[in-house]
Protein chains: 2
Amino acid sequence: MAAPRVVRTRAELRTFLAGADRPIGLVPTMGALHDGHVSLIRRARAESATVLVTIFVNPRQFNDAADFEKYPRDEAADLHLAGLAGADVVWIPSVEEVYPAGFQSTVRVGALTEGLEGAARPGHFEGVTTVVAILLGLAGAERAYFGQKDAQQLLVVRRMAADLGIGTEIVACPIVREPDGLAMSSRNVRLTPEARAAAPVLRRALLAARARYEAGERDGAALRAAMREVLSTEPLAEREYVSCADSETLNELARFDGPALLSMAVRFGTVRLIDNEPLP
Amino acid sequence: MAAPRVVRTRAELRTFLAGADRPIGLVPTMGALHDGHVSLIRRARAESATVLVTIFVNPRQFNDAADFEKYPRDEAADLHLAGLAGADVVWIPSVEEVYPAGFQSTVRVGALTEGLEGAARPGHFEGVTTVVAILLGLAGAERAYFGQKDAQQLLVVRRMAADLGIGTEIVACPIVREPDGLAMSSRNVRLTPEARAAAPVLRRALLAARARYEAGERDGAALRAAMREVLSTEPLAEREYVSCADSETLNELARFDGPALLSMAVRFGTVRLIDNEPLP
């Protein structure tokens with residue numbers, strides 16, 4: 001497996017892609033690659049002639065400066081993993097390269113960004129949609145791969161791409177989990193050993209609600225209560241929200257009969273984890 | 001000269017363009033085509049294998065509902081002119097096709113949109129940048145052609161395209177004028193005969209300031225005063241603003257030595273006209 005080509009400027013990226021075989025598959029990441037990212041890159045590899053991975057810890061999508069500073073970074077390890085998974089080229093831009101002097105454009109998605117992560121993290125989605133618009137613009141890829149773990153982000157990016165006539169297909173990839181059920185996340189390494197041991201409570205809470213759903217429960221409030229009940233058994237888990245929402249609009253559901261998305265955000269000290277489960 | 005192909009949906013446009021020869025030249029218009037538009041289409045024809053003209057009176061960029069209602073529309077005449085000028089395909093979408101059900105995305109450019117037209121027409125540029133992002137996204141053109149008459153719009157669209165990594169070159173085309181100096185505008189047909197006779201005062205005011213500049217004047221306030229002085233000789237002209245601004249940032253200039261943009265907006269009854277002159 002050859003090491004992937006590394007490019008750092010917008011111009012280098014454009015030059016590389018101008019001569020690249022099509023179709024191009026784009027995997028946008030913030031680095032600190034784990035098996036979740038690897039699954040995205042492998043999927044891109046299987047469907048693309050050229051696989052582009054981007055690594056950029058985007059300051060605009062961090063509502064919390066400390067979270068940005070503490071976000072794990074390891075370029076050498078990332079390049080190794082990206083190469084093993086099949087990346088042809090990795091774009092690792094500086095902040096100034098993504099947002100050059102005079103930069104002043106913003107892409108915003110409306111109602112879909114108002115609840116859940118949008119409510120908990122002011123400005124987060126505007127940062128995400130702006131940087132993803134830039135990545136999609138620069139890459140001009142046939143497909144871009146996003147993880148289902150960030151379920152709201154996936155819906156928001158899909159909406160943006162459809163609204164703005166962006167010709168890149170947004171491909172959703174399943175959550176990859178640790179053996180004990182914890183969803184893979186770059187933030188997991190920041191958990192204390194005690195918090196790490198407690199963190200699978202998110203998955204247990206989701207599965208408890210799923211079990212209620214499979215037993216016939218169709219009341220959103222009852223499913224939210226089921227998740228809260230499980231989370232409350234874990235003293236280290238500080239619940240931020242639990243949600244049982246329409247899977248297209250993300251509006252909270254009362255009684256429902258269509259597809260739904262169970263989701264939650266939980267803090268363990270300074271580390272904030274999210275997880276979700278689509279129904280059915 | 002064959003009549004251009006007319007397409008109305010996003011899907012029809014994509015299908016047509018998927019098989020179109022490259023490069024593609026895009027000319028976005030709101031219809032009511034005049035010789036200014038014709039010059040854009042001819043330029044696109046000279047530089048492109050496929051020329052796409054779009055005709056869409058975009059409600060989101062009208063801050064004034066009456067202006068939107070009264071905006072002139074004549075599809076048959078527009079198709080005839082577009083075909084004569086060299087258009088291969090004309091996209092004439094409905095509002096619902098440009099902004100489909102659930103549409104909720106916005107593209108905004110910052111400081112460049114705050115003064116001049118942006119200050120006079122709240123929400124105007126957000127409407128412009130959002131629809132132009134959609135047009136650039138759908139067209140995937142190598143080049144898009146804009147008139148210098150809307151000088152601020154040109155700078156804003158260029159900024160947006162550069163910021164968001166949009167691979168379409170934004171080409172500026174010179175203002176086309178009537179024999180008496182009035183800049184071509186779709187709104188000119190709405191002028192009363194008296195106002196039409198008075199309207200070249202915009203051009204005279206710009207030329208008076210240019211003459212002062214060429215005589216060595218480098219004080220922004222003096223050039224703005226020169227323009228105001230000429231405009232005040234015309235009783236039908238209600239001045240909205242005059243500007244002598246930095247030609248990149250559009251910040252108003254005091255003493256200056258670099259390039260500048262003279263511009264103005266003037267009302268004749270309910271008809272609002274703009275014009276500009278780059279220095280040197």
# chains A, B, ... in the order shown; residues from 1 in each chain; ligands from 1

call {"tool": "closest_atom_pairs", "arguments": {"of": "chain B", "to": "chain A", "cutoff": "9 Å", "atoms": "only C-alpha atoms", "output": "Markdown table"}}
result
| residue | atom | partner | partner_atom | distance |
| --- | --- | --- | --- | --- |
| B:Arg10 | CA | A:Gly165 | CA | 8.4 |
| B:Val98 | CA | A:Asp163 | CA | 8.3 |
| B:Tyr99 | CA | A:Asp163 | CA | 7.1 |
| B:Pro100 | CA | A:Asp163 | CA | 7.6 |
| B:Gly102 | CA | A:Arg159 | CA | 8.4 |
| B:Phe103 | CA | A:Asp163 | CA | 5.8 |
| B:Gln104 | CA | A:Gly110 | CA | 5.0 |
| B:Ser105 | CA | A:Val109 | CA | 4.3 |
| B:Thr106 | CA | A:Arg108 | CA | 5.1 |
| B:Val107 | CA | A:Val107 | CA | 4.5 |
| B:Arg108 | CA | A:Thr106 | CA | 5.1 |
| B:Val109 | CA | A:Ser105 | CA | 4.3 |
| B:Gly110 | CA | A:Gln104 | CA | 5.0 |
| B:Ala111 | CA | A:Gln104 | CA | 7.0 |
| B:Leu112 | CA | A:Gln104 | CA | 8.2 |
| B:Thr130 | CA | A:Leu164 | CA | 7.7 |
| B:Val131 | CA | A:Leu164 | CA | 8.1 |
| B:Ala133 | CA | A:Leu164 | CA | 6.2 |
| B:Ile134 | CA | A:Leu164 | CA | 4.4 |
| B:Leu135 | CA | A:Gly165 | CA | 7.4 |
| B:Leu136 | CA | A:Gly165 | CA | 8.0 |
| B:Gly137 | CA | A:Gly165 | CA | 4.7 |
| B:Leu138 | CA | A:Gly165 | CA | 4.8 |
| B:Ala139 | CA | A:Gly165 | CA | 8.5 |
| B:Gly140 | CA | A:Gly167 | CA | 8.3 |
| B:Arg159 | CA | A:Phe103 | CA | 7.6 |
| B:Met160 | CA | A:Ser105 | CA | 5.9 |
| B:Ala161 | CA | A:Gly137 | CA | 9.0 |
| B:Ala162 | CA | A:Phe103 | CA | 8.5 |
| B:Asp163 | CA | A:Phe103 | CA | 5.8 |
| B:Leu164 | CA | A:Ile134 | CA | 4.4 |
| B:Gly165 | CA | A:Gly137 | CA | 4.7 |
| B:Ile166 | CA | A:Gly137 | CA | 4.9 |
| B:Gly167 | CA | A:Gly137 | CA | 6.9 |

call {"tool": "write_last_selection", "arguments": {"atoms": "N, CA and C atoms", "output": "CSV table (one decimal), in the first residue's frame"}}
result
chain,number,residue,atom,x,y,z
B,10,ARG,N,-34.9,21.5,-12.6
B,10,ARG,CA,-33.5,21.2,-12.3
B,10,ARG,C,-33.1,19.9,-13.0
B,98,VAL,N,-36.6,26.4,-8.2
B,98,VAL,CA,-35.3,26.9,-7.7
B,98,VAL,C,-35.3,26.7,-6.2
B,99,TYR,N,-36.4,26.9,-5.5
B,99,TYR,CA,-36.5,26.7,-4.1
B,99,TYR,C,-37.5,25.6,-3.8
B,100,PRO,N,-37.2,24.4,-3.9
B,100,PRO,CA,-38.1,23.3,-3.7
B,100,PRO,C,-38.6,23.2,-2.3
B,102,GLY,N,-39.2,22.5,1.3
B,102,GLY,CA,-38.2,22.2,2.4
B,102,GLY,C,-36.9,22.9,2.2
B,103,PHE,N,-36.8,23.7,1.2
B,103,PHE,CA,-35.6,24.5,1.0
B,103,PHE,C,-35.3,25.4,2.2
B,104,GLN,N,-34.1,25.4,2.7
B,104,GLN,CA,-33.8,26.2,3.9
B,104,GLN,C,-32.4,26.6,4.0
B,105,SER,N,-31.7,26.8,2.8
B,105,SER,CA,-30.3,27.1,2.9
B,105,SER,C,-30.0,28.6,2.4
B,106,THR,N,-29.1,29.2,3.0
B,106,THR,CA,-28.7,30.6,2.7
B,106,THR,C,-27.2,30.7,2.6
B,107,VAL,N,-26.8,31.5,1.6
B,107,VAL,CA,-25.4,31.9,1.4
B,107,VAL,C,-25.3,33.4,1.7
B,108,ARG,N,-24.4,33.7,2.5
B,108,ARG,CA,-24.3,35.1,2.9
B,108,ARG,C,-22.8,35.6,2.8
B,109,VAL,N,-22.6,36.7,2.2
B,109,VAL,CA,-21.2,37.3,2.2
B,109,VAL,C,-21.3,38.5,3.1
B,110,GLY,N,-20.2,38.7,3.9
B,110,GLY,CA,-20.2,39.7,5.0
B,110,GLY,C,-20.0,41.1,4.6
B,111,ALA,N,-18.8,41.7,5.0
B,111,ALA,CA,-18.6,43.1,4.9
B,111,ALA,C,-18.9,43.7,3.6
B,112,LEU,N,-18.6,43.0,2.5
B,112,LEU,CA,-18.8,43.6,1.1
B,112,LEU,C,-20.2,43.9,0.8
B,130,THR,N,-27.5,33.6,-2.6
B,130,THR,CA,-28.1,32.2,-2.5
B,130,THR,C,-28.5,31.7,-3.9
B,131,VAL,N,-29.1,32.6,-4.7
B,131,VAL,CA,-29.6,32.1,-6.0
B,131,VAL,C,-28.4,31.9,-6.9
B,133,ALA,N,-25.4,31.0,-6.0
B,133,ALA,CA,-24.8,29.7,-5.5
B,133,ALA,C,-25.5,28.5,-6.2
B,134,ILE,N,-26.8,28.6,-6.2
B,134,ILE,CA,-27.6,27.5,-6.8
B,134,ILE,C,-27.3,27.4,-8.3
B,135,LEU,N,-27.3,28.5,-8.9
B,135,LEU,CA,-27.1,28.5,-10.4
B,135,LEU,C,-25.7,28.0,-10.7
B,136,LEU,N,-24.7,28.4,-9.9
B,136,LEU,CA,-23.3,27.9,-10.2
B,136,LEU,C,-23.2,26.4,-9.9
B,137,GLY,N,-23.9,26.0,-8.8
B,137,GLY,CA,-23.9,24.6,-8.4
B,137,GLY,C,-24.6,23.7,-9.5
B,138,LEU,N,-25.7,24.2,-10.0
B,138,LEU,CA,-26.4,23.4,-11.0
B,138,LEU,C,-25.7,23.4,-12.3
B,139,ALA,N,-25.1,24.5,-12.7
B,139,ALA,CA,-24.5,24.6,-14.0
B,139,ALA,C,-23.2,24.0,-14.1
B,140,GLY,N,-22.4,24.1,-13.0
B,140,GLY,CA,-21.0,23.5,-13.1
B,140,GLY,C,-20.2,24.1,-14.2
B,159,ARG,N,-16.3,37.1,-4.6
B,159,ARG,CA,-15.9,36.8,-3.2
B,159,ARG,C,-16.5,35.4,-2.8
B,160,MET,N,-17.8,35.3,-3.0
B,160,MET,CA,-18.4,34.0,-2.7
B,160,MET,C,-17.8,32.8,-3.4
B,161,ALA,N,-17.6,33.0,-4.7
B,161,ALA,CA,-17.1,31.9,-5.5
B,161,ALA,C,-15.7,31.5,-5.0
B,162,ALA,N,-14.9,32.5,-4.7
B,162,ALA,CA,-13.5,32.3,-4.3
B,162,ALA,C,-13.6,31.6,-2.9
B,163,ASP,N,-14.3,32.2,-2.0
B,163,ASP,CA,-14.4,31.7,-0.6
B,163,ASP,C,-14.9,30.2,-0.6
B,164,LEU,N,-15.9,29.9,-1.3
B,164,LEU,CA,-16.5,28.6,-1.3
B,164,LEU,C,-15.9,27.6,-2.2
B,165,GLY,N,-14.7,27.9,-2.8
B,165,GLY,CA,-14.0,27.0,-3.7
B,165,GLY,C,-14.8,26.6,-4.9
B,166,ILE,N,-15.7,27.5,-5.4
B,166,ILE,CA,-16.5,27.2,-6.5
B,166,ILE,C,-15.6,27.3,-7.8
B,167,GLY,N,-15.6,26.3,-8.6
B,167,GLY,CA,-14.6,26.3,-9.7
B,167,GLY,C,-15.0,27.0,-10.9

call {"tool": "select_by_dssp", "arguments": {"residues": "region 30-110 of chain A", "states": "helix (DSSP H, G or I)", "output": "ChimeraX atom specification"}}
result
/A:35-47,59-61,65-70,75-85,95-98

call {"tool": "write_last_selection", "arguments": {"atoms": "C-alpha atoms", "output": "PDB file, in the first residue's frame"}}
result
ATOM      1  CA  ASP A  35     -12.270   2.691  12.625  1.00  0.00           C
ATOM      2  CA  GLY A  36     -15.337   4.822  11.863  1.00  0.00           C
ATOM      3  CA  HIS A  37     -13.285   6.971   9.482  1.00  0.00           C
ATOM      4  CA  VAL A  38     -11.599   3.868   8.113  1.00  0.00           C
ATOM      5  CA  SER A  39     -15.005   2.457   7.173  1.00  0.00           C
ATOM      6  CA  LEU A  40     -15.787   5.671   5.264  1.00  0.00           C
ATOM      7  CA  ILE A  41     -12.475   5.559   3.396  1.00  0.00           C
ATOM      8  CA  ARG A  42     -12.907   1.877   2.527  1.00  0.00           C
ATOM      9  CA  ARG A  43     -16.399   2.541   1.220  1.00  0.00           C
ATOM     10  CA  ALA A  44     -15.053   5.429  -0.884  1.00  0.00           C
ATOM     11  CA  ARG A  45     -12.248   3.173  -2.133  1.00  0.00           C
ATOM     12  CA  ALA A  46     -14.755   0.544  -3.274  1.00  0.00           C
ATOM     13  CA  GLU A  47     -16.806   3.115  -5.223  1.00  0.00           C
ATOM     14  CA  PRO A  59     -12.257  26.163  14.306  1.00  0.00           C
ATOM     15  CA  ARG A  60     -15.573  27.571  13.057  1.00  0.00           C
ATOM     16  CA  GLN A  61     -17.564  24.544  14.104  1.00  0.00           C
ATOM     17  CA  ALA A  65     -12.641  26.952  22.486  1.00  0.00           C
ATOM     18  CA  ALA A  66     -11.303  24.410  24.978  1.00  0.00           C
ATOM     19  CA  ASP A  67     -12.847  21.550  22.987  1.00  0.00           C
ATOM     20  CA  PHE A  68     -11.046  22.897  19.890  1.00  0.00           C
ATOM     21  CA  GLU A  69      -7.706  23.147  21.700  1.00  0.00           C
ATOM     22  CA  LYS A  70      -8.041  19.671  23.181  1.00  0.00           C
ATOM     23  CA  GLU A  75      -0.904  13.682  11.414  1.00  0.00           C
ATOM     24  CA  ALA A  76       1.556  10.809  11.038  1.00  0.00           C
ATOM     25  CA  ALA A  77      -0.861   8.252  12.474  1.00  0.00           C
ATOM     26  CA  ASP A  78      -3.705   9.672  10.364  1.00  0.00           C
ATOM     27  CA  LEU A  79      -1.701   9.409   7.145  1.00  0.00           C
ATOM     28  CA  HIS A  80      -0.759   5.830   7.956  1.00  0.00           C
ATOM     29  CA  LEU A  81      -4.383   4.828   8.602  1.00  0.00           C
ATOM     30  CA  ALA A  82      -5.724   6.750   5.602  1.00  0.00           C
ATOM     31  CA  GLY A  83      -3.182   5.029   3.359  1.00  0.00           C
ATOM     32  CA  LEU A  84      -4.026   1.569   4.719  1.00  0.00           C
ATOM     33  CA  ALA A  85      -7.732   2.233   4.134  1.00  0.00           C
ATOM     34  CA  VAL A  95      -6.701  27.500   8.703  1.00  0.00           C
ATOM     35  CA  GLU A  96      -5.475  30.298   6.410  1.00  0.00           C
ATOM     36  CA  GLU A  97      -5.731  28.029   3.401  1.00  0.00           C
ATOM     37  CA  VAL A  98      -9.356  27.122   4.109  1.00  0.00           C
TER      38      VAL A  98
END

call {"tool": "residues_around", "arguments": {"residues": "region 235-241 of chain B", "least_positions_apart": "4", "cutoff": "7 Å", "atoms": "only C-alpha atoms", "output": "NGL selection string"}}
result
:B and (195 or 231 or 264-268)

call {"tool": "write_last_selection", "arguments": {"atoms": "N, CA and C atoms", "output": "PDB file, in the first residue's frame"}}
result
ATOM      1  N   ALA B 195     -38.831  61.288 -17.063  1.00  0.00           N
ATOM      2  CA  ALA B 195     -37.741  60.700 -16.280  1.00  0.00           C
ATOM      3  C   ALA B 195     -36.689  60.095 -17.217  1.00  0.00           C
ATOM      4  N   LEU B 231     -26.084  65.876  -9.892  1.00  0.00           N
ATOM      5  CA  LEU B 231     -27.413  65.266  -9.680  1.00  0.00           C
ATOM      6  C   LEU B 231     -28.430  66.311  -9.226  1.00  0.00           C
ATOM      7  N   MET B 264     -23.500  55.194  -7.682  1.00  0.00           N
ATOM      8  CA  MET B 264     -24.645  55.949  -7.178  1.00  0.00           C
ATOM      9  C   MET B 264     -25.946  55.188  -7.420  1.00  0.00           C
ATOM     10  N   ALA B 265     -26.940  55.526  -6.601  1.00  0.00           N
ATOM     11  CA  ALA B 265     -28.312  55.054  -6.816  1.00  0.00           C
ATOM     12  C   ALA B 265     -29.211  56.269  -6.772  1.00  0.00           C
ATOM     13  N   VAL B 266     -30.096  56.366  -7.759  1.00  0.00           N
ATOM     14  CA  VAL B 266     -30.959  57.542  -7.919  1.00  0.00           C
ATOM     15  C   VAL B 266     -32.362  57.058  -8.255  1.00  0.00           C
ATOM     16  N   ARG B 267     -33.358  57.659  -7.612  1.00  0.00           N
ATOM     17  CA  ARG B 267     -34.747  57.302  -7.911  1.00  0.00           C
ATOM     18  C   ARG B 267     -35.383  58.342  -8.820  1.00  0.00           C
ATOM     19  N   PHE B 268     -36.179  57.826  -9.764  1.00  0.00           N
ATOM     20  CA  PHE B 268     -37.073  58.674 -10.554  1.00  0.00           C
ATOM     21  C   PHE B 268     -38.464  58.151 -10.279  1.00  0.00           C
TER      22      PHE B 268
END

call {"tool": "select_by_dssp", "arguments": {"residues": "region 109-237 of chain B", "states": "strand (DSSP E or B)", "output": "PyMOL selection string"}}
result
chain B and resi 109+143-147+169-173+177+183+219

call {"tool": "residues_around", "arguments": {"residues": "Ala226 (chain B)", "least_positions_apart": "4", "cutoff": "9 Å", "atoms": "only C-alpha atoms", "output": "PyMOL selection string"}}
result
chain B and resi 205-206+208-209+212+221-222+230-231

call {"tool": "write_last_selection", "arguments": {"atoms": "C-alpha atoms", "output": "PDB file, in the first residue's frame"}}
result
ATOM      1  CA  ALA B 205     -22.462  63.046 -12.673  1.00  0.00           C
ATOM      2  CA  LEU B 206     -20.031  60.132 -12.947  1.00  0.00           C
ATOM      3  CA  ALA B 208     -17.950  65.091 -13.914  1.00  0.00           C
ATOM      4  CA  ALA B 209     -16.267  63.251 -11.043  1.00  0.00           C
ATOM      5  CA  ARG B 212     -12.038  66.006 -11.527  1.00  0.00           C
ATOM      6  CA  ALA B 221     -15.332  63.683  -0.429  1.00  0.00           C
ATOM      7  CA  ALA B 222     -14.585  66.110  -3.276  1.00  0.00           C
ATOM      8  CA  VAL B 230     -24.544  67.406 -10.987  1.00  0.00           C
ATOM      9  CA  LEU B 231     -27.413  65.266  -9.680  1.00  0.00           C
TER      10      LEU B 231
END

call {"tool": "residues_around", "arguments": {"residues": "Ser186 (chain B)", "least_positions_apart": "2", "cutoff": "10 Å", "atoms": "only C-alpha atoms", "output": "VMD selection string"}}
result
chain B and resid 30 to 37 71 to 73 183 to 184 188 to 190 273

call {"tool": "atom_distance", "arguments": {"atom1": "CA of Glu277 (chain B)", "atom2": "CA of Leu262 (chain B)"}}
result
5.1 Å

call {"tool": "closest_residue", "arguments": {"among": "B:Leu250, B:Asp275, B:Pro179, B:Tyr145", "to": "Leu202 (chain B)", "atoms": "only C-alpha atoms"}}
result
B:Asp275

call {"tool": "closest_residue", "arguments": {"among": "B:Asn276, B:Ser263, B:Ser232, B:Thr192", "to": "Pro174 (chain B)", "atoms": "only C-alpha atoms"}}
result
B:Asn276
